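Structure file protein-v2.cif (mmCIF, C-alpha atoms) follows.
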```cif
data_entry
loop_
_atom_site.label_atom_id
_atom_site.label_comp_id
_atom_site.auth_asym_id
_atom_site.auth_seq_id
_atom_site.Cartn_x
_atom_site.Cartn_y
_atom_site.Cartn_z
CA MET A 175 122.89 131.18 117.83
CA ARG A 176 125.99 129.32 119.15
CA LEU A 177 127.78 129.98 115.88
CA LEU A 178 126.97 133.71 116.12
CA ALA A 179 128.22 133.82 119.69
CA LYS A 180 131.46 132.19 118.69
CA CYS A 181 131.88 134.61 115.79
CA ALA A 182 131.26 137.59 118.08
CA LYS A 183 134.16 136.52 120.28
CA ILE A 184 136.64 136.35 117.41
CA PRO A 185 138.97 139.40 117.77
CA LEU A 186 139.34 141.64 114.72
CA PRO A 187 142.79 142.00 113.18
CA SER A 188 144.63 145.15 114.27
CA LYS A 189 144.60 146.65 110.76
CA THR A 190 140.84 146.11 110.48
CA ARG A 191 140.21 147.82 113.82
CA HIS A 192 142.34 150.79 112.81
CA LEU A 193 140.55 151.02 109.47
CA LEU A 194 137.13 151.04 111.16
CA ILE A 195 138.26 153.72 113.61
CA ALA A 196 139.62 155.86 110.75
CA ILE A 197 136.36 155.53 108.81
CA SER A 198 134.35 156.52 111.90
CA VAL A 199 136.53 159.60 112.50
CA LEU A 200 136.28 160.67 108.85
CA TYR A 201 132.51 160.23 108.99
CA LEU A 202 132.24 162.43 112.07
CA ILE A 203 134.46 165.09 110.48
CA TYR A 204 132.27 165.03 107.36
CA CYS A 205 129.04 165.32 109.33
CA PHE A 206 130.15 168.23 111.52
CA ARG A 207 132.21 170.20 109.00
CA PRO A 208 131.07 173.75 108.01
CA LYS A 209 128.62 173.31 105.14
CA SER A 210 128.52 175.32 101.94
CA SER A 211 125.61 177.61 101.14
CA HIS A 212 124.55 175.14 98.43
CA GLU A 213 124.36 172.28 100.94
CA ARG A 214 122.52 174.49 103.46
CA SER A 215 119.97 175.45 100.80
CA GLU A 216 119.51 171.76 99.92
CA CYS A 217 118.81 171.03 103.61
CA ARG A 218 116.29 173.83 103.76
CA GLU A 219 114.56 172.54 100.63
CA GLN A 220 114.15 169.15 102.31
CA TYR A 221 112.31 170.81 105.22
CA HIS A 222 108.57 170.39 104.79
CA TYR A 223 106.91 173.82 104.84
CA ASN A 224 103.34 173.78 106.13
CA ARG A 225 101.20 175.89 103.79
CA THR A 226 97.94 175.47 105.74
CA TYR A 227 96.01 178.75 105.61
CA PRO A 228 93.81 179.65 107.28
CA LEU A 229 94.46 177.30 110.17
CA THR A 230 90.73 176.64 110.68
CA PRO A 231 88.86 175.43 107.57
CA PRO A 232 86.11 177.92 106.63
CA LEU A 233 82.47 176.91 106.92
CA VAL A 234 80.47 177.20 103.70
CA PHE A 235 76.69 177.64 103.74
CA GLY A 236 75.59 178.22 100.16
CA ASN A 237 76.40 181.86 99.43
CA GLN A 238 78.04 182.40 102.83
CA VAL A 239 81.60 181.63 103.87
CA LYS A 240 82.45 181.82 107.58
CA TYR A 241 86.09 182.34 108.61
CA ARG A 242 87.62 182.16 112.08
CA VAL A 243 89.60 185.36 112.74
CA ALA A 244 91.42 187.10 115.58
CA VAL A 245 92.83 190.48 116.56
CA ILE A 246 95.57 191.10 119.14
CA SER A 247 96.19 194.14 121.32
CA ASP A 248 99.06 196.50 121.99
CA LEU A 249 98.10 198.11 125.29
CA ASP A 250 101.34 200.12 125.56
CA ARG A 251 101.98 201.04 129.22
CA ASP A 252 98.65 199.51 130.24
CA SER A 253 100.06 196.07 129.40
CA LYS A 254 101.42 195.81 132.95
CA GLN A 255 98.99 194.16 135.35
CA GLY A 256 100.51 193.34 138.71
CA ASN A 257 103.62 191.21 138.21
CA VAL A 258 102.84 190.23 134.63
CA TRP A 259 102.37 191.91 131.26
CA VAL A 260 99.32 191.08 129.18
CA SER A 261 97.79 191.29 125.74
CA ARG A 262 94.25 190.52 124.63
CA LEU A 263 93.47 188.09 121.83
CA LEU A 264 89.92 188.61 120.62
CA ARG A 265 88.56 185.88 118.38
CA GLY A 266 85.50 185.95 116.20
CA PHE A 267 84.03 185.11 112.82
CA LEU A 268 84.09 186.95 109.53
CA ILE A 269 81.07 186.08 107.39
CA TYR A 270 81.44 186.80 103.68
CA TYR A 271 78.39 186.83 101.39
CA LYS A 272 79.97 186.08 98.04
CA ASN A 273 77.18 187.17 95.71
CA GLU A 274 76.59 190.50 97.43
CA LYS A 275 80.28 191.08 98.35
CA PHE A 276 79.00 191.84 101.84
CA ILE A 277 81.06 191.32 105.00
CA ARG A 278 80.09 191.26 108.66
CA PHE A 279 81.74 190.19 111.92
CA GLU A 280 80.64 188.22 114.97
CA TRP A 281 83.08 188.65 117.87
CA ASP A 282 83.42 186.29 120.85
CA SER A 283 81.95 187.60 124.11
CA LYS A 284 85.35 188.19 125.73
CA PRO A 285 89.03 188.10 124.75
CA LEU A 286 91.69 185.64 125.85
CA LEU A 287 94.23 187.20 128.20
CA LEU A 288 97.80 186.29 127.19
CA GLN A 289 100.59 186.76 129.75
CA SER A 290 104.37 187.04 129.84
CA LYS A 291 107.07 188.19 132.26
CA LEU A 292 109.60 189.00 129.52
CA THR A 293 110.04 192.77 129.50
CA LEU A 294 112.46 195.56 128.71
CA ASN A 295 112.75 198.52 131.08
CA GLY A 296 109.44 197.59 132.65
CA ARG A 297 107.50 197.24 129.39
CA GLY A 298 106.47 194.29 127.28
CA MET A 299 103.66 192.34 125.60
CA GLU A 300 102.96 195.26 123.27
CA LEU A 301 102.00 192.91 120.46
CA SER A 302 101.79 194.62 117.10
CA GLU A 303 100.87 191.93 114.58
CA LEU A 304 99.41 188.46 113.99
CA ALA A 305 100.54 186.15 111.20
CA VAL A 306 100.25 182.50 110.19
CA PHE A 307 103.62 181.09 109.11
CA ASN A 308 104.54 177.46 108.47
CA GLY A 309 101.19 176.33 109.85
CA ARG A 310 101.65 178.20 113.13
CA LEU A 311 100.41 181.49 114.56
CA TYR A 312 102.94 184.18 115.50
CA SER A 313 102.99 187.66 116.99
CA CYS A 314 105.72 190.20 117.71
CA ASP A 315 106.34 192.46 120.70
CA ASP A 316 107.39 195.90 119.47
CA ARG A 317 108.91 196.70 122.88
CA THR A 318 111.24 193.70 123.34
CA GLY A 319 111.68 192.50 119.74
CA ILE A 320 110.50 189.01 120.72
CA VAL A 321 108.63 186.98 118.10
CA TYR A 322 106.20 184.71 119.93
CA GLU A 323 104.40 181.59 118.78
CA LEU A 324 100.81 181.35 120.03
CA ARG A 325 100.19 177.72 120.90
CA ASN A 326 97.45 176.23 123.09
CA ASP A 327 96.45 179.71 124.25
CA MET A 328 100.01 180.39 125.45
CA LEU A 329 102.87 182.56 124.19
CA ILE A 330 106.14 180.77 123.46
CA PRO A 331 109.21 182.93 122.66
CA TRP A 332 110.70 181.91 119.30
CA VAL A 333 113.15 184.56 118.07
CA ILE A 334 114.59 187.79 119.50
CA LEU A 335 115.17 190.54 116.93
CA THR A 336 117.77 193.27 117.42
CA ASP A 337 117.66 196.69 115.82
CA GLY A 338 119.16 197.87 112.53
CA ASN A 339 121.73 195.55 110.96
CA GLY A 340 121.48 193.22 113.96
CA SER A 341 124.80 194.28 115.49
CA THR A 342 123.21 196.39 118.20
CA SER A 343 122.10 195.82 121.77
CA LYS A 344 118.76 197.56 121.16
CA GLU A 345 115.56 195.66 120.49
CA PHE A 346 113.89 195.82 117.06
CA LYS A 347 110.61 197.73 117.08
CA CYS A 348 108.68 195.21 114.99
CA GLU A 349 105.46 196.57 113.52
CA TRP A 350 104.47 194.38 110.57
CA ILE A 351 104.84 190.79 109.39
CA ALA A 352 104.53 189.54 105.82
CA ILE A 353 104.99 186.02 104.46
CA LYS A 354 106.91 185.65 101.19
CA GLY A 355 107.80 182.19 99.96
CA GLN A 356 108.98 180.19 102.95
CA ASN A 357 110.21 183.23 104.89
CA MET A 358 108.71 185.60 107.42
CA TYR A 359 109.49 189.27 106.77
CA VAL A 360 109.34 191.46 109.87
CA GLY A 361 109.45 195.22 109.43
CA SER A 362 109.50 198.31 111.60
CA LEU A 363 108.17 201.84 111.12
CA GLY A 364 110.04 202.38 107.86
CA LYS A 365 110.98 205.96 108.72
CA GLU A 366 114.17 207.43 110.06
CA TRP A 367 114.40 207.21 113.86
CA THR A 368 114.05 210.74 115.18
CA SER A 369 113.61 212.52 118.47
CA VAL A 370 110.11 213.59 119.55
CA THR A 371 110.75 216.91 117.82
CA GLY A 372 112.06 215.41 114.58
CA GLU A 373 115.88 215.41 114.86
CA LEU A 374 117.48 212.52 112.97
CA GLU A 375 119.12 209.85 115.15
CA ASN A 376 119.54 206.74 112.96
CA TYR A 377 118.11 204.64 110.11
CA ASN A 378 117.54 201.44 112.09
CA PRO A 379 113.74 201.26 111.55
CA GLN A 380 114.41 201.01 107.81
CA TRP A 381 115.90 197.52 108.13
CA VAL A 382 113.80 194.37 107.63
CA LYS A 383 114.32 190.98 109.27
CA VAL A 384 113.88 187.83 107.16
CA ILE A 385 113.28 184.72 109.29
CA SER A 386 113.43 181.16 107.96
CA VAL A 387 111.24 178.31 109.18
CA THR A 388 114.14 177.19 111.40
CA GLY A 389 114.51 180.63 113.03
CA GLU A 390 117.56 181.83 111.09
CA VAL A 391 117.48 185.64 110.87
CA LYS A 392 118.87 187.78 108.06
CA HIS A 393 119.04 191.57 108.35
CA ILE A 394 118.17 193.39 105.11
CA ASP A 395 118.61 197.12 104.46
CA TRP A 396 115.27 198.29 103.05
CA ARG A 397 115.94 202.03 103.22
CA GLU A 398 115.76 202.52 99.45
CA ASN A 399 112.48 200.59 99.29
CA TYR A 400 110.90 202.75 101.99
CA LEU A 401 112.14 205.93 100.30
CA ALA A 402 110.66 204.75 97.00
CA LEU A 403 107.28 204.14 98.67
CA ARG A 404 106.98 207.60 100.17
CA SER A 405 108.43 209.44 97.17
CA SER A 406 105.77 207.76 94.99
CA VAL A 407 103.21 210.02 96.69
CA GLY A 408 105.44 213.09 96.74
CA ILE A 409 106.82 212.82 100.29
CA TYR A 410 110.51 213.55 100.91
CA TYR A 411 112.60 213.97 104.06
CA PRO A 412 112.01 215.62 106.51
CA GLY A 413 108.53 214.43 105.60
CA TYR A 414 107.83 210.84 106.60
CA MET A 415 105.65 207.78 106.20
CA ILE A 416 105.02 205.30 109.03
CA HIS A 417 104.31 201.65 108.18
CA GLU A 418 102.60 199.20 110.51
CA SER A 419 101.19 196.79 107.91
CA ALA A 420 102.41 195.04 104.77
CA ALA A 421 101.76 191.91 102.73
CA TRP A 422 103.27 190.08 99.80
CA SER A 423 100.85 188.66 97.21
CA ASN A 424 102.02 185.49 95.49
CA ILE A 425 99.18 185.93 93.00
CA ALA A 426 99.87 189.55 92.01
CA ARG A 427 103.65 189.17 92.61
CA LYS A 428 103.55 192.52 94.40
CA TRP A 429 104.07 194.08 97.80
CA PHE A 430 101.07 195.82 99.37
CA PHE A 431 101.34 198.55 102.02
CA LEU A 432 98.73 200.49 103.97
CA PRO A 433 100.72 203.24 105.74
CA ARG A 434 99.48 204.26 109.16
CA ARG A 435 100.62 207.85 108.92
CA ALA A 436 102.18 210.17 106.37
CA SER A 437 103.27 213.80 106.41
CA HIS A 438 105.02 216.28 104.16
CA SER A 439 106.33 218.00 107.30
CA ALA A 440 108.95 216.91 109.82
CA TYR A 441 107.89 214.50 112.57
CA ASN A 442 106.34 215.99 115.69
CA GLU A 443 104.90 213.74 118.37
CA ILE A 444 101.76 215.83 118.90
CA ASP A 445 100.98 216.60 115.26
CA ASP A 446 101.59 212.96 114.33
CA GLU A 447 98.28 211.96 115.96
CA THR A 448 96.41 213.49 113.01
CA LYS A 449 98.52 212.22 110.10
CA GLY A 450 96.38 209.15 109.35
CA THR A 451 96.18 207.95 105.75
CA ASN A 452 93.75 206.28 103.36
CA VAL A 453 96.21 205.17 100.68
CA LEU A 454 97.08 201.67 99.44
CA LEU A 455 100.55 201.35 97.90
CA THR A 456 101.57 198.45 95.66
CA ALA A 457 105.13 197.75 94.52
CA ASP A 458 106.68 195.18 92.24
CA GLU A 459 109.43 192.98 93.64
CA SER A 460 112.18 195.47 92.76
CA PHE A 461 110.21 198.52 94.02
CA SER A 462 110.73 200.13 90.61
CA LEU A 463 107.00 200.32 89.81
CA ILE A 464 104.83 201.70 92.61
CA GLU A 465 101.14 202.58 92.36
CA SER A 466 98.75 204.20 94.83
CA THR A 467 94.99 203.81 95.34
CA GLN A 468 92.74 205.91 97.56
CA ILE A 469 90.57 203.97 100.01
CA GLY A 470 87.48 205.90 101.06
CA SER A 471 87.95 209.24 102.79
CA VAL A 472 90.64 210.27 105.26
CA ILE A 473 89.83 210.32 108.97
CA SER A 474 93.03 211.99 110.10
CA SER A 475 93.13 210.47 113.61
CA ARG A 476 92.91 206.89 112.29
CA GLY A 477 95.64 204.91 110.55
CA PHE A 478 96.10 201.35 109.30
CA SER A 479 97.84 198.95 111.68
CA SER A 480 97.26 195.51 110.11
CA PHE A 481 95.63 193.85 107.11
CA LYS A 482 95.23 190.50 105.38
CA PHE A 483 93.80 189.35 102.06
CA LEU A 484 90.47 187.56 102.27
CA PRO A 485 91.23 183.88 101.50
CA ASN A 486 90.04 182.66 98.09
CA SER A 487 89.57 186.22 96.81
CA ASP A 488 92.62 186.05 94.48
CA ASP A 489 94.13 188.70 96.78
CA LYS A 490 91.54 191.21 95.54
CA ILE A 491 89.80 191.87 98.89
CA ILE A 492 91.54 193.28 101.97
CA ILE A 493 90.42 193.18 105.61
CA ALA A 494 92.18 195.89 107.63
CA ILE A 495 92.39 197.32 111.13
CA LYS A 496 92.68 201.03 111.82
CA SER A 497 93.97 202.32 115.16
CA GLU A 498 93.16 205.66 116.73
CA GLU A 499 95.20 207.45 119.40
CA TYR A 500 93.98 211.02 119.69
CA ARG A 501 94.10 213.34 122.69
CA GLY A 502 94.27 210.42 125.08
CA GLU A 503 91.38 208.54 123.48
CA ILE A 504 92.08 205.09 122.00
CA ALA A 505 89.96 202.90 119.70
CA SER A 506 90.24 200.26 117.00
CA TYR A 507 88.19 199.86 113.82
CA ILE A 508 87.87 197.18 111.17
CA THR A 509 87.11 197.72 107.50
CA ALA A 510 87.09 195.86 104.19
CA PHE A 511 87.71 196.98 100.61
CA THR A 512 88.97 195.82 97.24
CA VAL A 513 92.46 196.52 95.94
CA ASP A 514 90.77 198.87 93.44
CA GLY A 515 89.46 201.04 96.26
CA GLU A 516 85.84 199.87 96.52
CA VAL A 517 84.80 199.94 100.19
CA LEU A 518 82.87 196.82 101.19
CA LEU A 519 82.62 197.55 104.92
CA ASP A 520 82.81 201.03 106.40
CA GLU A 521 85.08 201.46 109.41
CA GLN A 522 83.39 199.62 112.27
CA LYS A 523 84.53 200.01 115.88
CA ILE A 524 85.89 196.89 117.56
CA ASP A 525 86.57 198.34 121.00
CA GLN A 526 88.11 201.28 122.83
CA ILE A 527 91.49 199.60 123.15
CA LYS A 528 94.28 199.37 120.60
CA TYR A 529 94.11 196.20 118.53
CA GLU A 530 97.05 196.16 116.12
CA GLY A 531 97.15 192.68 114.58
CA PHE A 532 94.58 190.82 112.46
CA GLU A 533 94.70 187.30 111.03
CA PHE A 534 92.61 184.44 109.70
CA ILE A 535 93.25 181.65 112.21
#
```

Show this structure as structure tokens.
Amino acid sequence: MRLLAKCAKIPLPSKTRHLLIAISVLYLIYCFRPKSSHERSECREQYHYNRTYPLTPPLVFGNQVKYRVAVISDLDRDSKQGNVWVSRLLRGFLIYYKNEKFIRFEWDSKPLLLQSKLTLNGRGMELSELAVFNGRLYSCDDRTGIVYELRNDMLIPWVILTDGNGSTSKEFKCEWIAIKGQNMYVGSLGKEWTSVTGELENYNPQWVKVISVTGEVKHIDWRENYLALRSSVGIYYPGYMIHESAAWSNIARKWFFLPRRASHSAYNEIDDETKGTNVLLTADESFSLIESTQIGSVISSRGFSSFKFLPNSDDKIIIAIKSEEYRGEIASYITAFTVDGEVLLDEQKIDQIKYEGFEFI
């Protein structure tokens, strides 16, 4: 110990000190220099992506599989309660009888009330989707463009999305979330933004946001993809198709869409209430091959607002929510069907409020 103490007191030669300082400076410059895209991609690859899904392991009882699920509400102007804005998270169980391909739901007795004070022009917490990403549960406010993480029964703001190409001061009206690879895709209505009587204003809702696990946002122009989807069923501008749900299947290597509304005529706010659809659209990765499948019969006042594949079904079974807003009346329904159009559960009312997001949690 005495020898070490003596050594510690020995002054370093001037040249050695200067060399050590130079090495330290060069190291700092190297660490904080702008990195190439190749180096950034290497860093991202080193990040451990959490593929846990669903978040709660299902319970298996012979022929039955019991999944924990949840739906989340978009109460529009009714979100405001006193000095806060709220959304309801209703949890429950989906029970799947494998041999019979039968599905039923057991909902909790009351929903969890989620709160926030983050608003835009007096509105907020109009949550439009639920999605598990990187082992966490997220939702998106279509009024403020905020992507929230739901953790310990609280909402934690994660990312704020701006409209169009991102170089705007307007919030992004997020309507759907899909997970592809290690990225979260967040989309809007998919139609041209028009006035209440159908006059064209911009193409901002036809952009998609791609969010990495670290919260980096890329703005992607999806206009041609949206046009390809609606033209596949013979709809052309000023006709329109409104999207509020989408999913990417790693198994099928395809995009799946359940449009909420579609019309061969120009948009009109009143008529739009009865433009609900019953069509499932699938597209390959390049959107060059698009197919459509009819799901049951059309109930014109109801349209799809969220869906997920039933886990362990090889992405062959879909659980979907339909929303209804007609002449002031509001309701939400849940249904199940195969990707080939076989209905496994007829539309079943959840409640007389608007639930717009569904997920296995």

Inset, instruction - Take the PyMOL selection byres ((chain A and resi 292-302) around 7), apply it to the structure above, and return the hits as a PyMOL selection string. - result: chain A and resi 246-251+253+259-261+290-291+303+313-318+349+530-531

Those residues with C-alpha atoms, as a PDB file, in the coordinates of the input please?
```
ATOM      1  CA  ILE A 246      95.570 191.100 119.140  1.00  0.00           C
ATOM      2  CA  SER A 247      96.190 194.140 121.320  1.00  0.00           C
ATOM      3  CA  ASP A 248      99.060 196.500 121.990  1.00  0.00           C
ATOM      4  CA  LEU A 249      98.100 198.110 125.290  1.00  0.00           C
ATOM      5  CA  ASP A 250     101.340 200.120 125.560  1.00  0.00           C
ATOM      6  CA  ARG A 251     101.980 201.040 129.220  1.00  0.00           C
ATOM      7  CA  SER A 253     100.060 196.070 129.400  1.00  0.00           C
ATOM      8  CA  TRP A 259     102.370 191.910 131.260  1.00  0.00           C
ATOM      9  CA  VAL A 260      99.320 191.080 129.180  1.00  0.00           C
ATOM     10  CA  SER A 261      97.790 191.290 125.740  1.00  0.00           C
ATOM     11  CA  SER A 290     104.370 187.040 129.840  1.00  0.00           C
ATOM     12  CA  LYS A 291     107.070 188.190 132.260  1.00  0.00           C
ATOM     13  CA  GLU A 303     100.870 191.930 114.580  1.00  0.00           C
ATOM     14  CA  SER A 313     102.990 187.660 116.990  1.00  0.00           C
ATOM     15  CA  CYS A 314     105.720 190.200 117.710  1.00  0.00           C
ATOM     16  CA  ASP A 315     106.340 192.460 120.700  1.00  0.00           C
ATOM     17  CA  ASP A 316     107.390 195.900 119.470  1.00  0.00           C
ATOM     18  CA  ARG A 317     108.910 196.700 122.880  1.00  0.00           C
ATOM     19  CA  THR A 318     111.240 193.700 123.340  1.00  0.00           C
ATOM     20  CA  GLU A 349     105.460 196.570 113.520  1.00  0.00           C
ATOM     21  CA  GLU A 530      97.050 196.160 116.120  1.00  0.00           C
ATOM     22  CA  GLY A 531      97.150 192.680 114.580  1.00  0.00           C
TER      23      GLY A 531
END
```

Legend entry - Which of A:Asp395, A:Asp337, A:Ile524, A:Gly408 sits closest to Glu280 in chain A [using only C-alpha atoms]: A:Ile524

Legend entry - Atomic separation - CA of Arg476 in chain A relative to CA of Leu374 in chain A, Å: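 Interatomic distance here is 25.2 Å.
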
Hits of the PyMOL selection byres ((chain A and resi 352) around 12) in this structure, as a short mmCIF file (atom, residue, chain, number, x, y, z; two decimals) with C-alpha atoms, in the coordinates of the input:
```cif
data_model
loop_
_atom_site.label_atom_id
_atom_site.label_comp_id
_atom_site.auth_asym_id
_atom_site.auth_seq_id
_atom_site.Cartn_x
_atom_site.Cartn_y
_atom_site.Cartn_z
CA GLU A 303 100.87 191.93 114.58
CA LEU A 304 99.41 188.46 113.99
CA ALA A 305 100.54 186.15 111.20
CA VAL A 306 100.25 182.50 110.19
CA PHE A 307 103.62 181.09 109.11
CA TYR A 312 102.94 184.18 115.50
CA SER A 313 102.99 187.66 116.99
CA CYS A 314 105.72 190.20 117.71
CA CYS A 348 108.68 195.21 114.99
CA GLU A 349 105.46 196.57 113.52
CA TRP A 350 104.47 194.38 110.57
CA ILE A 351 104.84 190.79 109.39
CA ILE A 353 104.99 186.02 104.46
CA LYS A 354 106.91 185.65 101.19
CA GLY A 355 107.80 182.19 99.96
CA GLN A 356 108.98 180.19 102.95
CA ASN A 357 110.21 183.23 104.89
CA MET A 358 108.71 185.60 107.42
CA TYR A 359 109.49 189.27 106.77
CA VAL A 360 109.34 191.46 109.87
CA GLY A 361 109.45 195.22 109.43
CA SER A 362 109.50 198.31 111.60
CA VAL A 382 113.80 194.37 107.63
CA LYS A 383 114.32 190.98 109.27
CA VAL A 384 113.88 187.83 107.16
CA ILE A 385 113.28 184.72 109.29
CA GLU A 418 102.60 199.20 110.51
CA SER A 419 101.19 196.79 107.91
CA ALA A 420 102.41 195.04 104.77
CA ALA A 421 101.76 191.91 102.73
CA TRP A 422 103.27 190.08 99.80
CA SER A 423 100.85 188.66 97.21
CA ASN A 424 102.02 185.49 95.49
CA LYS A 428 103.55 192.52 94.40
CA TRP A 429 104.07 194.08 97.80
CA PHE A 430 101.07 195.82 99.37
CA PHE A 431 101.34 198.55 102.02
CA SER A 480 97.26 195.51 110.11
CA PHE A 481 95.63 193.85 107.11
CA LYS A 482 95.23 190.50 105.38
CA PHE A 483 93.80 189.35 102.06
CA GLY A 531 97.15 192.68 114.58
CA GLU A 533 94.70 187.30 111.03
#
```

Legend entry - Close residues, range 218-233 of chain A itself excluded, 12 Å, only C-alpha atoms, min 2 positions apart in chain, as a ChimeraX atom specification: /A:211-216,235-244,267-270,305-311,353-357,386-390,482-486,533-535

Legend entry - Point-to-point distance from CA of Trp332 in chain A to CA of Ile320 in chain A, Å rounded to tenths: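 Between these atoms lies a distance of 7.2 Å.
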
Inset, instruction - Using only C-alpha atoms, pick whichever of A:Leu401, A:Thr368, A:Asp514, A:Thr448 has the shortest atom-to-atom distance to Ser466 in chain A. - result: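 Among A:Leu401, A:Thr368, A:Asp514, A:Thr448, it is A:Asp514 that comes nearest to Ser466 in chain A.
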
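In this model, the gap between CA of His393 in chain A and CA of Leu263 in chain A comes to 29.1 Å.
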